[in-house]
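J.: Dropping in coords29.cif, with mmCIF, C-alpha atoms.
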data_structure
loop_
_atom_site.label_atom_id
_atom_site.label_comp_id
_atom_site.auth_asym_id
_atom_site.auth_seq_id
_atom_site.Cartn_x
_atom_site.Cartn_y
_atom_site.Cartn_z
CA MET A 14 3.28 -12.06 14.61
CA THR A 15 0.43 -10.13 13.05
CA LEU A 16 -3.19 -11.06 13.69
CA THR A 17 -6.14 -10.18 11.53
CA VAL A 18 -9.06 -9.13 13.74
CA ALA A 19 -12.37 -8.82 11.92
CA HIS A 20 -14.25 -5.85 13.39
CA ARG A 21 -17.88 -6.84 14.02
CA GLY A 22 -17.43 -9.80 11.71
CA ASP A 23 -17.46 -8.91 8.03
CA PRO A 24 -19.72 -5.84 7.79
CA ALA A 25 -18.73 -5.26 4.15
CA ARG A 26 -20.52 -8.47 3.13
CA CYS A 27 -22.96 -9.20 5.97
CA ARG A 28 -24.86 -7.45 8.70
CA GLU A 29 -22.41 -6.70 11.52
CA ASN A 30 -22.37 -8.77 14.70
CA THR A 31 -24.37 -11.63 13.15
CA LEU A 32 -23.41 -15.27 12.82
CA ALA A 33 -23.37 -14.80 9.04
CA GLY A 34 -20.90 -11.93 9.48
CA LEU A 35 -18.71 -14.00 11.77
CA GLY A 36 -18.77 -16.84 9.25
CA SER A 37 -17.81 -14.56 6.40
CA ALA A 38 -14.92 -13.14 8.44
CA ALA A 39 -13.70 -16.67 9.19
CA ASP A 40 -14.02 -17.64 5.51
CA CYS A 41 -11.91 -14.59 4.59
CA GLY A 42 -9.12 -15.71 6.92
CA ALA A 43 -9.65 -13.68 10.10
CA ASP A 44 -7.56 -14.88 13.04
CA TRP A 45 -9.97 -13.37 15.57
CA VAL A 46 -13.41 -11.81 15.35
CA GLU A 47 -14.36 -8.78 17.43
CA VAL A 48 -17.96 -8.55 18.57
CA ASP A 49 -19.90 -6.03 20.64
CA VAL A 50 -22.19 -6.89 23.54
CA LYS A 51 -25.35 -5.26 24.82
CA VAL A 52 -27.81 -6.63 27.39
CA THR A 53 -31.54 -7.12 26.85
CA ALA A 54 -34.24 -6.17 29.35
CA ASP A 55 -34.25 -9.74 30.64
CA GLY A 56 -30.48 -9.72 31.20
CA GLU A 57 -29.34 -11.67 28.13
CA PRO A 58 -26.04 -10.62 26.53
CA VAL A 59 -26.42 -10.29 22.75
CA LEU A 60 -24.22 -9.18 19.88
CA LEU A 61 -24.99 -5.58 19.06
CA HIS A 62 -22.94 -2.40 18.84
CA ASP A 63 -25.62 0.29 18.97
CA SER A 64 -27.96 0.97 21.86
CA THR A 65 -30.96 0.92 19.51
CA LEU A 66 -32.07 -0.99 16.44
CA LYS A 67 -32.47 2.23 14.43
CA ARG A 68 -29.30 2.23 12.28
CA LEU A 69 -29.35 -1.38 11.08
CA TRP A 70 -32.98 -2.48 11.41
CA GLY A 71 -34.85 0.83 11.09
CA LEU A 72 -36.60 0.26 14.44
CA ASP A 73 -36.39 3.01 17.03
CA ARG A 74 -36.24 0.56 19.95
CA HIS A 75 -33.68 0.59 22.75
CA ILE A 76 -32.06 -2.80 23.32
CA GLY A 77 -32.46 -2.47 27.09
CA SER A 78 -36.24 -2.20 26.71
CA MET A 79 -36.62 -5.48 24.80
CA SER A 80 -36.53 -9.09 25.97
CA LEU A 81 -34.45 -11.60 24.07
CA ALA A 82 -37.67 -13.05 22.60
CA GLU A 83 -38.81 -9.60 21.39
CA LEU A 84 -35.38 -8.90 19.94
CA THR A 85 -35.33 -12.25 18.14
CA THR A 86 -38.72 -11.54 16.59
CA ALA A 87 -37.84 -7.95 15.63
CA THR A 88 -34.61 -8.96 13.89
CA SER A 89 -35.69 -12.27 12.42
CA GLY A 90 -33.97 -13.39 9.27
CA PRO A 91 -31.51 -16.17 8.56
CA ASP A 92 -28.52 -13.94 7.90
CA TRP A 93 -29.22 -10.86 9.98
CA GLN A 94 -30.74 -11.86 13.30
CA ILE A 95 -29.06 -10.53 16.44
CA PRO A 96 -27.60 -13.59 18.15
CA PRO A 97 -27.25 -14.17 21.87
CA LEU A 98 -23.63 -14.15 23.04
CA GLY A 99 -23.98 -17.83 23.93
CA ALA A 100 -24.78 -18.71 20.31
CA ALA A 101 -21.73 -16.78 19.09
CA LEU A 102 -19.50 -18.49 21.67
CA ALA A 103 -20.76 -21.92 20.61
CA TRP A 104 -20.26 -21.01 16.95
CA ALA A 105 -16.70 -19.76 17.57
CA ARG A 106 -15.79 -22.77 19.74
CA ASP A 107 -16.90 -25.14 16.96
CA ARG A 108 -14.59 -23.32 14.53
CA GLN A 109 -11.76 -22.75 17.01
CA LEU A 110 -11.90 -19.03 16.22
CA PRO A 111 -11.03 -16.69 19.11
CA LEU A 112 -13.45 -13.87 19.92
CA MET A 113 -12.59 -10.40 21.15
CA VAL A 114 -15.63 -9.28 23.14
CA ASP A 115 -15.99 -5.49 23.27
CA ILE A 116 -17.68 -4.39 26.47
CA PRO A 117 -19.18 -0.88 26.67
CA GLY A 118 -20.04 -0.90 30.38
CA ARG A 119 -20.16 -2.74 33.66
CA THR A 120 -23.59 -4.35 33.17
CA GLU A 121 -22.51 -5.82 29.84
CA GLY A 122 -19.17 -6.88 31.30
CA ARG A 123 -20.71 -8.82 34.16
CA ALA A 124 -23.26 -10.52 31.89
CA ALA A 125 -20.63 -11.40 29.28
CA VAL A 126 -18.04 -12.80 31.68
CA GLU A 127 -20.64 -14.93 33.44
CA MET A 128 -21.72 -16.38 30.06
CA VAL A 129 -18.12 -16.98 28.99
CA LYS A 130 -17.36 -18.70 32.30
CA ALA A 131 -20.53 -20.82 32.15
CA MET A 132 -19.59 -22.02 28.67
CA ASP A 133 -15.96 -22.65 29.70
CA CYS A 134 -14.56 -20.29 27.06
CA LEU A 135 -12.15 -18.16 29.12
CA ASP A 136 -9.05 -19.61 27.47
CA TRP A 137 -9.87 -18.25 23.98
CA VAL A 138 -12.03 -15.17 24.60
CA VAL A 139 -10.38 -11.76 24.97
CA PHE A 140 -12.29 -8.93 26.65
CA ALA A 141 -11.77 -5.29 25.66
CA GLY A 142 -13.59 -2.03 26.23
CA ASP A 143 -14.60 0.09 29.19
CA PRO A 144 -11.81 0.13 31.81
CA ALA A 145 -14.24 -0.09 34.76
CA ALA A 146 -15.85 -3.13 33.15
CA MET A 147 -12.41 -4.71 32.74
CA VAL A 148 -11.82 -4.26 36.48
CA ASP A 149 -15.10 -6.09 37.16
CA ILE A 150 -14.22 -8.85 34.71
CA ARG A 151 -10.81 -9.33 36.33
CA ALA A 152 -12.52 -9.61 39.76
CA LEU A 153 -15.07 -12.14 38.49
CA ALA A 154 -12.57 -14.15 36.45
CA PRO A 155 -8.93 -13.55 37.44
CA GLN A 156 -7.72 -15.73 34.54
CA ALA A 157 -9.67 -13.74 31.91
CA ARG A 158 -7.69 -12.41 28.96
CA ILE A 159 -8.05 -8.63 28.77
CA ALA A 160 -6.87 -6.27 26.04
CA MET A 161 -6.58 -2.62 26.97
CA SER A 162 -6.44 0.07 24.33
CA TRP A 163 -6.45 3.82 24.44
CA GLU A 164 -5.73 6.71 22.10
CA VAL A 165 -3.42 8.84 24.23
CA PRO A 166 0.17 8.16 25.29
CA GLN A 167 -0.64 8.14 29.04
CA LEU A 168 -1.63 4.91 30.71
CA PRO A 169 -5.04 4.75 32.44
CA GLY A 170 -5.08 6.16 35.95
CA PRO A 171 -5.55 4.09 39.10
CA SER A 172 -9.34 4.55 39.21
CA CYS A 173 -9.86 3.21 35.64
CA SER A 174 -13.42 4.49 35.78
CA ARG A 175 -13.29 6.30 32.46
CA GLY A 176 -9.84 5.57 31.12
CA PRO A 177 -7.31 8.29 30.37
CA ALA A 178 -8.34 11.91 30.56
#
Mind turning this structure into structure tokens?

T.:
Amino acid sequence: MTLTVAHRGDPARCRENTLAGLGSAADCGADWVEVDVKVTADGEPVLLHDSTLKRLWGLDRHIGSMSLAELTTATSGPDWQIPPLGAALAWARDRQLPLMVDIPGRTEGRAAVEMVKAMDCLDWVVFAGDPAAMVDIRALAPQARIAMSWEVPQLPGPSCSRGPA
């Protein structure tokens, strides 16, 4: 069986990691949608790949220095606002569309898995990303679905702190 996984939604038609992008990916037939998670200064997991708003919004602001309210104001717009992870989970649940949540680090992993657990979404969310974060996710939610990927033929070592060398 082959699955179509839409990377960051549908960035060819919409701003990546937005609800509009997720919707466009679903409309185009994606089986899953991959999203990226960062954490705001007030601890809210949001959909964003970059550490700053520079590339997509032209604002040289680090996501970790902004509250969710500041981020919402800075990226306002009906089709290109950065959504909280909770909003994306609710959106995906309503459409029965699985999400692959890409986790860059341990802070993001803990925040994301707690949100996914709180919203009772563990059965259709797949976590991927930093191996150390995956270890944390497994400890916090033993039933979590985890996808591991790497670019070398060797499997990750026992420490899993940085993946394969």

J.: Which polymer residues have any atom within 8 Å of an atom of Glu121 (chain A), counting only C-alpha atoms, with same-chain residues fewer than 6 positions away left out, as a PyMOL selection string?

T.: chain A and resi 50-52+58+146

J.: Using only C-alpha atoms, which of A:Pro96, A:Gly77, A:Pro117, A:Pro155 sits nearest Gly142 (chain A)?

T.: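 Using only C-alpha atoms, Gly142 (chain A) sits closest to A:Pro117.
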
J.: Hey, can you check how far CA of Ile150 (chain A) sits from CA of Arg74 (chain A)?

T.: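 Straight-line distance from CA of Ile150 (chain A) to CA of Arg74 (chain A) works out to 28.1 Å.
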
J.: Separation of CA of Glu29 (chain A) and CA of Arg119 (chain A), in Å?

T.: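 So the two atoms, CA of Glu29 (chain A) and CA of Arg119 (chain A), lie 22.6 Å apart.
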
J.: Apply the PyMOL selection byres ((chain A and resi 102) around 8) to the file shown and report the selected residues as a PDB file with C-alpha atoms, keeping the file's coordinate frame.

T.:
ATOM      1  CA  LEU A  98     -23.630 -14.150  23.040  1.00  0.00           C
ATOM      2  CA  GLY A  99     -23.980 -17.830  23.930  1.00  0.00           C
ATOM      3  CA  ALA A 100     -24.780 -18.710  20.310  1.00  0.00           C
ATOM      4  CA  ALA A 101     -21.730 -16.780  19.090  1.00  0.00           C
ATOM      5  CA  ALA A 103     -20.760 -21.920  20.610  1.00  0.00           C
ATOM      6  CA  TRP A 104     -20.260 -21.010  16.950  1.00  0.00           C
ATOM      7  CA  ALA A 105     -16.700 -19.760  17.570  1.00  0.00           C
ATOM      8  CA  ARG A 106     -15.790 -22.770  19.740  1.00  0.00           C
ATOM      9  CA  LEU A 112     -13.450 -13.870  19.920  1.00  0.00           C
ATOM     10  CA  VAL A 129     -18.120 -16.980  28.990  1.00  0.00           C
ATOM     11  CA  MET A 132     -19.590 -22.020  28.670  1.00  0.00           C
ATOM     12  CA  CYS A 134     -14.560 -20.290  27.060  1.00  0.00           C
TER      13      CYS A 134
END

J.: For the file shown, what are the residues hit by the PyMOL selection byres ((chain A and resi 41) around 12), laid out as JSON, numbers by chain?

T.: {"A": [17, 18, 19, 22, 23, 25, 26, 34, 35, 36, 37, 38, 39, 40, 42, 43, 44, 45, 46]}

J.: Complete region 87-98 of chain A with all heavy atoms (output as a compact mmCIF listing (two decimals), in the coordinates of the input).

T.:
# COMPACT_ATOMS: atom_id res chain seq x y z
N ALA A 87 -38.03 -9.22 16.35
CA ALA A 87 -37.84 -7.95 15.63
C ALA A 87 -36.73 -8.02 14.60
O ALA A 87 -36.75 -7.28 13.61
CB ALA A 87 -37.56 -6.83 16.63
N THR A 88 -35.75 -8.89 14.81
CA THR A 88 -34.61 -8.96 13.89
C THR A 88 -34.54 -10.29 13.17
O THR A 88 -33.48 -10.71 12.74
CB THR A 88 -33.28 -8.71 14.65
OG1 THR A 88 -33.05 -9.76 15.59
CG2 THR A 88 -33.29 -7.36 15.34
N SER A 89 -35.69 -10.94 13.03
CA SER A 89 -35.69 -12.27 12.42
C SER A 89 -35.20 -12.22 10.99
O SER A 89 -35.40 -11.26 10.27
CB SER A 89 -37.07 -12.91 12.50
OG SER A 89 -37.98 -12.17 11.72
N GLY A 90 -34.54 -13.26 10.61
CA GLY A 90 -33.97 -13.39 9.27
C GLY A 90 -32.77 -14.30 9.38
O GLY A 90 -32.00 -14.19 10.33
N PRO A 91 -32.57 -15.17 8.43
CA PRO A 91 -31.51 -16.17 8.56
C PRO A 91 -30.11 -15.59 8.61
O PRO A 91 -29.24 -16.15 9.25
CB PRO A 91 -31.70 -17.05 7.33
CG PRO A 91 -32.44 -16.20 6.36
CD PRO A 91 -33.30 -15.28 7.19
N ASP A 92 -29.87 -14.48 7.96
CA ASP A 92 -28.52 -13.94 7.90
C ASP A 92 -28.34 -12.63 8.66
O ASP A 92 -27.26 -12.06 8.64
CB ASP A 92 -28.11 -13.71 6.44
CG ASP A 92 -27.97 -15.02 5.68
OD1 ASP A 92 -27.69 -16.04 6.32
OD2 ASP A 92 -28.15 -15.01 4.46
N TRP A 93 -29.39 -12.15 9.32
CA TRP A 93 -29.22 -10.86 9.98
C TRP A 93 -29.88 -10.77 11.34
O TRP A 93 -30.07 -9.68 11.87
CB TRP A 93 -29.61 -9.71 9.06
CG TRP A 93 -30.94 -9.85 8.39
CD1 TRP A 93 -31.21 -10.57 7.27
CD2 TRP A 93 -32.16 -9.22 8.76
NE1 TRP A 93 -32.54 -10.43 6.94
CE2 TRP A 93 -33.14 -9.60 7.83
CE3 TRP A 93 -32.52 -8.36 9.79
CZ2 TRP A 93 -34.45 -9.16 7.90
CZ3 TRP A 93 -33.83 -7.92 9.86
CH2 TRP A 93 -34.77 -8.32 8.92
N GLN A 94 -30.16 -11.87 11.96
CA GLN A 94 -30.74 -11.86 13.30
C GLN A 94 -29.65 -11.59 14.34
O GLN A 94 -28.53 -12.10 14.23
CB GLN A 94 -31.40 -13.19 13.60
CG GLN A 94 -32.18 -13.19 14.89
CD GLN A 94 -33.04 -14.43 14.97
OE1 GLN A 94 -32.54 -15.53 14.88
NE2 GLN A 94 -34.32 -14.23 15.14
N ILE A 95 -29.98 -10.79 15.34
CA ILE A 95 -29.06 -10.53 16.44
C ILE A 95 -28.94 -11.79 17.28
O ILE A 95 -29.92 -12.25 17.85
CB ILE A 95 -29.54 -9.36 17.31
CG1 ILE A 95 -29.55 -8.06 16.50
CG2 ILE A 95 -28.67 -9.21 18.55
CD1 ILE A 95 -30.17 -6.88 17.23
N PRO A 96 -27.74 -12.36 17.38
CA PRO A 96 -27.60 -13.59 18.15
C PRO A 96 -27.28 -13.33 19.62
O PRO A 96 -26.64 -12.34 19.96
CB PRO A 96 -26.42 -14.29 17.47
CG PRO A 96 -25.57 -13.18 16.97
CD PRO A 96 -26.54 -12.06 16.60
N PRO A 97 -27.71 -14.23 20.49
CA PRO A 97 -27.25 -14.17 21.87
C PRO A 97 -25.74 -14.45 21.91
O PRO A 97 -25.21 -15.15 21.04
CB PRO A 97 -28.01 -15.30 22.57
CG PRO A 97 -29.10 -15.71 21.65
CD PRO A 97 -28.66 -15.32 20.27
N LEU A 98 -25.06 -13.90 22.90
CA LEU A 98 -23.63 -14.15 23.04
C LEU A 98 -23.35 -15.64 23.12
O LEU A 98 -22.37 -16.13 22.55
CB LEU A 98 -23.08 -13.42 24.27
CG LEU A 98 -21.61 -13.67 24.60
CD1 LEU A 98 -20.70 -13.25 23.46
CD2 LEU A 98 -21.23 -12.94 25.88
